[in-house]
Amino acid sequence: MARVRVLGPKERLDATLRAVQDLGQMQLAETAMRKGVEPARLDAHSGRRRRQLTRALQDVEEALHALEANGKPEAPGDATIRDFARWARLARRTRRAAGASRDRETVLDEERALVKRYREFLLAVLPLVRKVAGSPRLTSHAVVVPAAARAGVDTLAKALREQLGDEFSMTTHDLQGGDAAILLVLPSEFSQRLEARLSEARVPEVPLPEAYRGLPLEEAVPKMLARLVEIPAEIDTLRRDRAALARAEGPELRRGRAAILDWLAPATAHERCALAPHALNIEGWLPETGLPSLVRRVADAAGPAVVVETVAREDWGTEEVPVVLSNPRLFRPFELLIALLPLPRYGTIDPTPYIAVFFPMMFGMMLGDVGYGVVLAGIALLVHRRAKPGSMLRTAAEVAGPCAAFTIIFGVLYGEYFGDLGQRLIGLHPIIFDREKAVFAALFAAVGLGVVHVVLGLVLGAVSAAHKEPKHALGQGVSAVMVLLVVAALLATFKVLPSRLFTPAVIALLVAFPVLIFAEGIIAPVEFLTTLGNVLSYARIMAIGTASVML
């Protein structure tokens with residue numbers, strides 16, 4: 001990255017900003033304010049338009065979100081004041097229509113969920129409700145008792161029986177979650193006093209949907225049950241209407257969004273610039289490869305009076321520099337995995353090439369089956385052909401390809417083709433070891449890969465810190481050597497290496513230990529044990545691979 005400064009006459013500010021925006025590679029930075037220099041500000045007319053377009057953009061975003069019509073961003077084009085006004089009206093109208101449709105669907109979903117909750121209860125009591133509706137002396141009421149208030153049911157029933165005798169009946173139905181739905185049948189003249197009894201027993205009434213609360217129970221129950229059939233059709237209609245609205249207005253809203261963002265970008269950038277009485281000052285970050293293009297565009301748009309200069313590294317070495325990953329085409333798909341974590345700081349090492357090598361290798365070590373590798377390769381090829389260039393699906397397919405290749409390679413080494421099918425059908429045999437039987441060999445291979453990874457990481461850390469933190473670099477290098485010495489001592493113990501190497505390895509460890517404490521501090525031994533633990537954690541590769549074989 002390069003830090004650049006653009007200087008020129010004050011009146012060329014707008015033309016210069018347009019050139020920077022058209023390039024699309026420069027990240028503006030806050031310009032240091034000095035005496036006689038102040039931040040650039042929008043004039044009253046531009047400030048008012050910015051507020052209007054910001055509100056319009058919010059309407060556009062809400063409308064597109066409600067319609068699920070974000071789609072592929074449109075390229076910005078030339079727009080007039082009339083266009084902006086039209087997009088603002090369209091966005092406001094569409095947002096309201098889509099919002100009303102969403103709100104109505106929410107109400108229908110809540111109504112359906114409520115009716116479904118009481119469906120079994122309503123079906124069970126419907127015959128009794130109809131029977132009671134034919135009697136002029138009796139009426140029915142439905143109530144729900146929360147699980148925490150079930151004890152109040154017996155109290156309520158006892159009080160009503162004492163007062164009403166045989167003219168009272170109660171039907172109880174258990175609901176999901178422990179609540180209970182109750183149907184009460186009692187004389188009509190007592191129905192007005194029922195609310196007081198329910199309040200005394202702390203029993204709430206059934207929260208019927210708004211449309212049925214004014215209806216007698218014998219009319220509300222059949223209608224509520226019928227709504228279970230009607231509601232899905234109404235929801236489907238709402239969704240079709242929104243889809244039609246998205247097809248009709250979505251492209252125009254996306255064009256409006258692109259044009260509004262295109263206008264707001266220089267307005268926002270304007271306030272990051274600094275102005276002296278007669279000069280402009282713009283500073284920012286730019287990939288070094290884009291510097292000639294910036295110089296050419298600024299000269300074409302603003303004339304030779306505006307110049308671009310690079311700021312010396314010693315003047316910005318302590319600042320937080322933005323990062324842009326730049327890798328060969330072969331490694332570029334694996335930037336998708338790097339993007340899941342914070343990007344490496346500027347000046348450190350880009351881990352993408354190492355991920356591109358080791359991630360497929362580890363994947364292949366774990367899966368390690370020719371048949372599954374061929375299936376994965378076929379899926380990756382199919383997705384790659386059907387996905388759009390530059391899409392996440394195509395990038396994922398490009399990552400899956402090397403994973404499939406290593407799966408096939410390790411499948412040949414393990415002698416696995418859909419498990420032991422290859423051995424039984426075509427006589428496929430392991431080349432290095434049989435994972436089902438040689439568990440310790442698989443364990444040593446996995447831990448060996450862990451040694452390579454951890455030592456490589458320590459070496460890269462030492463190289464990265466060599467200039468800025470030489471003491472820390474020394475500690476990283478010593479840690480790498482000590483890991484190798486521990487491995488050598490263990491291999492000598494188990495006679496893999498000559499046993500005479502054990503004593504020199506231990507002596508070298510004892511010599512390196514105080515050097516490590518000197519470089520990393522008193523906490524260094526704990527961190528070194530953590531490093532060894534990281535090596536041993538690679539045993540999980542063996543565990544997952546062995547489990548897959550057994551399955």
# chains A, B, ... in the order shown; residues from 1 in each chain; ligands from 1
call {"tool": "residues_around", "arguments": {"residues": "A:Trp263", "least_positions_apart": "3", "cutoff": "10 Å", "atoms": "only C-alpha atoms", "output": "PyMOL selection string"}}
result
chain A and resi 49-50+53+76+78-79+257-260+266-268
call {"tool": "residues_around", "arguments": {"residues": "A:Arg92", "least_positions_apart": "6", "cutoff": "9 Å", "atoms": "only C-alpha atoms", "output": "list in words"}}
result
Ala56, Asp59, Val60 and Ala63 of chain A
call {"tool": "write_last_selection", "arguments": {"atoms": "C-alpha atoms", "output": "PDB file, in the first residue's frame"}}
result
ATOM      1  CA  ALA A  56     -34.544   8.316   0.128  1.00  0.00           C
ATOM      2  CA  ASP A  59     -36.591   4.057   1.978  1.00  0.00           C
ATOM      3  CA  VAL A  60     -34.979   2.229  -0.943  1.00  0.00           C
ATOM      4  CA  ALA A  63     -38.298  -1.462   0.336  1.00  0.00           C
TER       5      ALA A  63
END
call {"tool": "atom_distance", "arguments": {"atom1": "atom CA of A:Leu381", "atom2": "atom CA of A:Ala397"}}
result
7.0 Å
call {"tool": "residues_around", "arguments": {"residues": "stretch 284-291 of chain A", "least_positions_apart": "6", "cutoff": "6 Å", "atoms": "only C-alpha atoms", "output": "NGL selection string"}}
result
:A and (1-4 or 26-29)
call {"tool": "write_last_selection", "arguments": {"atoms": "C-alpha atoms", "output": "PDB file, in the first residue's frame"}}
result
ATOM      1  CA  MET A   1       0.000   0.000   0.000  1.00  0.00           C
ATOM      2  CA  ALA A   2       1.041   3.595  -0.562  1.00  0.00           C
ATOM      3  CA  ARG A   3      -0.117   6.665   1.303  1.00  0.00           C
ATOM      4  CA  VAL A   4      -0.758   9.435  -1.215  1.00  0.00           C
ATOM      5  CA  MET A  26      -8.340   4.919  -2.974  1.00  0.00           C
ATOM      6  CA  GLN A  27      -9.467   4.801   0.662  1.00  0.00           C
ATOM      7  CA  LEU A  28      -9.585   8.345   1.987  1.00  0.00           C
ATOM      8  CA  ALA A  29      -7.951   9.058   5.339  1.00  0.00           C
TER       9      ALA A  29
END
call {"tool": "residues_around", "arguments": {"residues": "A:Phe518", "least_positions_apart": "5", "cutoff": "10 Å", "atoms": "only C-alpha atoms", "output": "PyMOL selection string"}}
result
chain A and resi 471-472+474-475+512-513+524
call {"tool": "write_last_selection", "arguments": {"atoms": "C-alpha atoms", "output": "CSV table (one decimal), in the first residue's frame"}}
result
chain,number,residue,atom,x,y,z
A,471,LYS,CA,13.7,-9.9,20.7
A,472,HIS,CA,10.3,-11.4,20.0
A,474,LEU,CA,14.5,-14.5,18.7
A,475,GLY,CA,11.9,-16.0,21.0
A,512,ALA,CA,17.8,-23.0,24.7
A,513,PHE,CA,15.4,-22.7,27.7
A,524,ALA,CA,7.6,-18.2,28.1
call {"tool": "residues_around", "arguments": {"residues": "A:Asn70", "least_positions_apart": "3", "cutoff": "8 Å", "atoms": "only C-alpha atoms", "output": "PyMOL selection string"}}
result
chain A and resi 64-65+73+250+254
call {"tool": "write_last_selection", "arguments": {"atoms": "N, CA and C atoms", "output": "PDB file, in the first residue's frame"}}
result
ATOM      1  N   LEU A  64     -36.410  -2.668  -0.629  1.00  0.00           N
ATOM      2  CA  LEU A  64     -35.753  -3.831  -1.214  1.00  0.00           C
ATOM      3  C   LEU A  64     -35.669  -4.979  -0.203  1.00  0.00           C
ATOM      4  N   HIS A  65     -35.433  -4.638   1.056  1.00  0.00           N
ATOM      5  CA  HIS A  65     -35.371  -5.685   2.084  1.00  0.00           C
ATOM      6  C   HIS A  65     -36.746  -6.337   2.269  1.00  0.00           C
ATOM      7  N   PRO A  73     -26.038  -5.665  -7.393  1.00  0.00           N
ATOM      8  CA  PRO A  73     -25.994  -4.201  -7.451  1.00  0.00           C
ATOM      9  C   PRO A  73     -25.909  -3.708  -8.899  1.00  0.00           C
ATOM     10  N   GLY A 250     -38.231  -3.707  -8.447  1.00  0.00           N
ATOM     11  CA  GLY A 250     -36.893  -4.002  -7.934  1.00  0.00           C
ATOM     12  C   GLY A 250     -35.768  -3.434  -8.780  1.00  0.00           C
ATOM     13  N   ARG A 254     -33.081  -0.624  -7.496  1.00  0.00           N
ATOM     14  CA  ARG A 254     -31.638  -0.879  -7.436  1.00  0.00           C
ATOM     15  C   ARG A 254     -30.865   0.156  -8.239  1.00  0.00           C
TER      16      ARG A 254
END
call {"tool": "residues_around", "arguments": {"residues": "A:Gly373", "least_positions_apart": "4", "cutoff": "7 Å", "atoms": "only C-alpha atoms", "output": "ChimeraX atom specification"}}
result
/A:369,377,404-405,407-408
call {"tool": "closest_residue", "arguments": {"among": "A:Pro251, A:Pro504, A:Gly256, A:Gly448", "to": "A:Gly71", "atoms": "only C-alpha atoms"}}
result
A:Pro251
call {"tool": "closest_residue", "arguments": {"among": "A:Val455, A:Ala244, A:Leu42, A:Ala305", "to": "A:Gly8", "atoms": "only C-alpha atoms"}}
result
A:Ala305
call {"tool": "closest_residue", "arguments": {"among": "A:Pro430, A:Pro292, A:Gly545, A:Pro402", "to": "A:Met365", "atoms": "only C-alpha atoms"}}
result
A:Gly545
call {"tool": "closest_residue", "arguments": {"among": "A:Ala91, A:Gly411, A:Glu249, A:Leu114", "to": "A:Gln423", "atoms": "only C-alpha atoms"}}
result
A:Gly411
call {"tool": "select_by_dssp", "arguments": {"residues": "stretch 405-517 of chain A", "states": "helix (DSSP H, G or I)", "output": "VMD selection string"}}
result
chain A and resid 405 to 414 421 to 426 439 to 465 470 to 493 499 to 517
call {"tool": "write_last_selection", "arguments": {"atoms": "C-alpha atoms", "output": "PDB file, in the first residue's frame"}}
result
ATOM      1  CA  ALA A 405      -7.906 -33.957  -5.502  1.00  0.00           C
ATOM      2  CA  PHE A 406      -6.157 -34.521  -2.159  1.00  0.00           C
ATOM      3  CA  THR A 407      -9.034 -36.770  -1.047  1.00  0.00           C
ATOM      4  CA  ILE A 408      -8.398 -38.971  -4.092  1.00  0.00           C
ATOM      5  CA  ILE A 409      -4.611 -38.931  -3.548  1.00  0.00           C
ATOM      6  CA  PHE A 410      -4.889 -39.970   0.092  1.00  0.00           C
ATOM      7  CA  GLY A 411      -7.616 -42.459  -0.851  1.00  0.00           C
ATOM      8  CA  VAL A 412      -5.090 -44.193  -3.117  1.00  0.00           C
ATOM      9  CA  LEU A 413      -2.449 -44.088  -0.354  1.00  0.00           C
ATOM     10  CA  TYR A 414      -4.920 -45.498   2.188  1.00  0.00           C
ATOM     11  CA  LEU A 421     -15.498 -51.674  -1.303  1.00  0.00           C
ATOM     12  CA  GLY A 422     -12.333 -51.149  -3.388  1.00  0.00           C
ATOM     13  CA  GLN A 423     -10.543 -53.940  -1.548  1.00  0.00           C
ATOM     14  CA  ARG A 424     -13.426 -56.375  -2.031  1.00  0.00           C
ATOM     15  CA  LEU A 425     -14.206 -55.567  -5.676  1.00  0.00           C
ATOM     16  CA  ILE A 426     -10.966 -54.549  -7.390  1.00  0.00           C
ATOM     17  CA  VAL A 439      -4.025 -46.375  14.236  1.00  0.00           C
ATOM     18  CA  PHE A 440      -0.624 -45.396  15.627  1.00  0.00           C
ATOM     19  CA  ALA A 441       0.802 -44.825  12.148  1.00  0.00           C
ATOM     20  CA  ALA A 442      -2.118 -42.483  11.373  1.00  0.00           C
ATOM     21  CA  LEU A 443      -1.545 -40.744  14.702  1.00  0.00           C
ATOM     22  CA  PHE A 444       2.156 -40.192  13.973  1.00  0.00           C
ATOM     23  CA  ALA A 445       1.343 -38.838  10.499  1.00  0.00           C
ATOM     24  CA  ALA A 446      -1.215 -36.371  11.925  1.00  0.00           C
ATOM     25  CA  VAL A 447       1.097 -35.181  14.705  1.00  0.00           C
ATOM     26  CA  GLY A 448       3.951 -34.949  12.181  1.00  0.00           C
ATOM     27  CA  LEU A 449       1.831 -32.573  10.121  1.00  0.00           C
ATOM     28  CA  GLY A 450       1.212 -30.617  13.326  1.00  0.00           C
ATOM     29  CA  VAL A 451       4.957 -30.300  13.872  1.00  0.00           C
ATOM     30  CA  VAL A 452       5.401 -28.964  10.332  1.00  0.00           C
ATOM     31  CA  HIS A 453       2.557 -26.469  10.749  1.00  0.00           C
ATOM     32  CA  VAL A 454       3.579 -25.160  14.154  1.00  0.00           C
ATOM     33  CA  VAL A 455       7.286 -24.888  13.310  1.00  0.00           C
ATOM     34  CA  LEU A 456       6.461 -23.150  10.034  1.00  0.00           C
ATOM     35  CA  GLY A 457       4.212 -20.713  11.908  1.00  0.00           C
ATOM     36  CA  LEU A 458       6.936 -19.933  14.434  1.00  0.00           C
ATOM     37  CA  VAL A 459       9.513 -19.391  11.682  1.00  0.00           C
ATOM     38  CA  LEU A 460       7.174 -17.082   9.769  1.00  0.00           C
ATOM     39  CA  GLY A 461       6.462 -15.191  12.988  1.00  0.00           C
ATOM     40  CA  ALA A 462      10.185 -14.763  13.575  1.00  0.00           C
ATOM     41  CA  VAL A 463      10.730 -13.498  10.021  1.00  0.00           C
ATOM     42  CA  SER A 464       7.804 -11.075  10.298  1.00  0.00           C
ATOM     43  CA  ALA A 465       9.015  -9.633  13.631  1.00  0.00           C
ATOM     44  CA  PRO A 470      14.074  -8.553  17.201  1.00  0.00           C
ATOM     45  CA  LYS A 471      13.715  -9.885  20.746  1.00  0.00           C
ATOM     46  CA  HIS A 472      10.326 -11.399  19.979  1.00  0.00           C
ATOM     47  CA  ALA A 473      11.706 -12.791  16.714  1.00  0.00           C
ATOM     48  CA  LEU A 474      14.468 -14.487  18.715  1.00  0.00           C
ATOM     49  CA  GLY A 475      11.867 -16.048  21.005  1.00  0.00           C
ATOM     50  CA  GLN A 476       9.846 -17.368  18.069  1.00  0.00           C
ATOM     51  CA  GLY A 477      12.948 -18.850  16.455  1.00  0.00           C
ATOM     52  CA  VAL A 478      14.096 -20.488  19.704  1.00  0.00           C
ATOM     53  CA  SER A 479      10.574 -21.945  20.220  1.00  0.00           C
ATOM     54  CA  ALA A 480      10.732 -23.502  16.742  1.00  0.00           C
ATOM     55  CA  VAL A 481      14.116 -25.060  17.488  1.00  0.00           C
ATOM     56  CA  MET A 482      12.901 -26.364  20.858  1.00  0.00           C
ATOM     57  CA  VAL A 483       9.863 -28.045  19.249  1.00  0.00           C
ATOM     58  CA  LEU A 484      12.200 -29.851  16.853  1.00  0.00           C
ATOM     59  CA  LEU A 485      14.493 -30.834  19.748  1.00  0.00           C
ATOM     60  CA  VAL A 486      11.532 -32.279  21.704  1.00  0.00           C
ATOM     61  CA  VAL A 487      10.501 -34.282  18.635  1.00  0.00           C
ATOM     62  CA  ALA A 488      14.076 -35.503  18.139  1.00  0.00           C
ATOM     63  CA  ALA A 489      14.325 -36.583  21.800  1.00  0.00           C
ATOM     64  CA  LEU A 490      11.032 -38.495  21.596  1.00  0.00           C
ATOM     65  CA  LEU A 491      12.000 -40.218  18.345  1.00  0.00           C
ATOM     66  CA  ALA A 492      15.338 -41.196  19.862  1.00  0.00           C
ATOM     67  CA  THR A 493      13.512 -42.596  22.909  1.00  0.00           C
ATOM     68  CA  SER A 499      19.273 -43.467  20.692  1.00  0.00           C
ATOM     69  CA  ARG A 500      22.604 -41.635  20.979  1.00  0.00           C
ATOM     70  CA  LEU A 501      20.826 -38.465  19.799  1.00  0.00           C
ATOM     71  CA  PHE A 502      18.702 -38.320  22.959  1.00  0.00           C
ATOM     72  CA  THR A 503      21.374 -36.807  25.216  1.00  0.00           C
ATOM     73  CA  PRO A 504      22.471 -34.039  22.791  1.00  0.00           C
ATOM     74  CA  ALA A 505      18.818 -33.127  22.182  1.00  0.00           C
ATOM     75  CA  VAL A 506      18.133 -32.790  25.930  1.00  0.00           C
ATOM     76  CA  ILE A 507      21.317 -30.740  26.477  1.00  0.00           C
ATOM     77  CA  ALA A 508      20.343 -28.428  23.612  1.00  0.00           C
ATOM     78  CA  LEU A 509      16.892 -28.013  25.193  1.00  0.00           C
ATOM     79  CA  LEU A 510      18.443 -27.029  28.524  1.00  0.00           C
ATOM     80  CA  VAL A 511      20.643 -24.467  26.773  1.00  0.00           C
ATOM     81  CA  ALA A 512      17.752 -23.037  24.747  1.00  0.00           C
ATOM     82  CA  PHE A 513      15.423 -22.733  27.747  1.00  0.00           C
ATOM     83  CA  PRO A 514      17.051 -19.667  29.393  1.00  0.00           C
ATOM     84  CA  VAL A 515      17.399 -18.033  25.981  1.00  0.00           C
ATOM     85  CA  LEU A 516      13.654 -18.448  25.523  1.00  0.00           C
ATOM     86  CA  ILE A 517      12.939 -16.867  28.926  1.00  0.00           C
TER      87      ILE A 517
END
call {"tool": "atom_distance", "arguments": {"atom1": "atom CA of A:Ala75", "atom2": "atom CA of A:Gly47"}}
result
24.5 Å
call {"tool": "atom_distance", "arguments": {"atom1": "atom CA of A:Asp236", "atom2": "atom CA of A:Thr106"}}
result
12.7 Å
call {"tool": "closest_residue", "arguments": {"among": "A:Leu264, A:Ala356, A:Leu280, A:Val185", "to": "A:Ser46", "atoms": "only C-alpha atoms"}}
result
A:Leu264
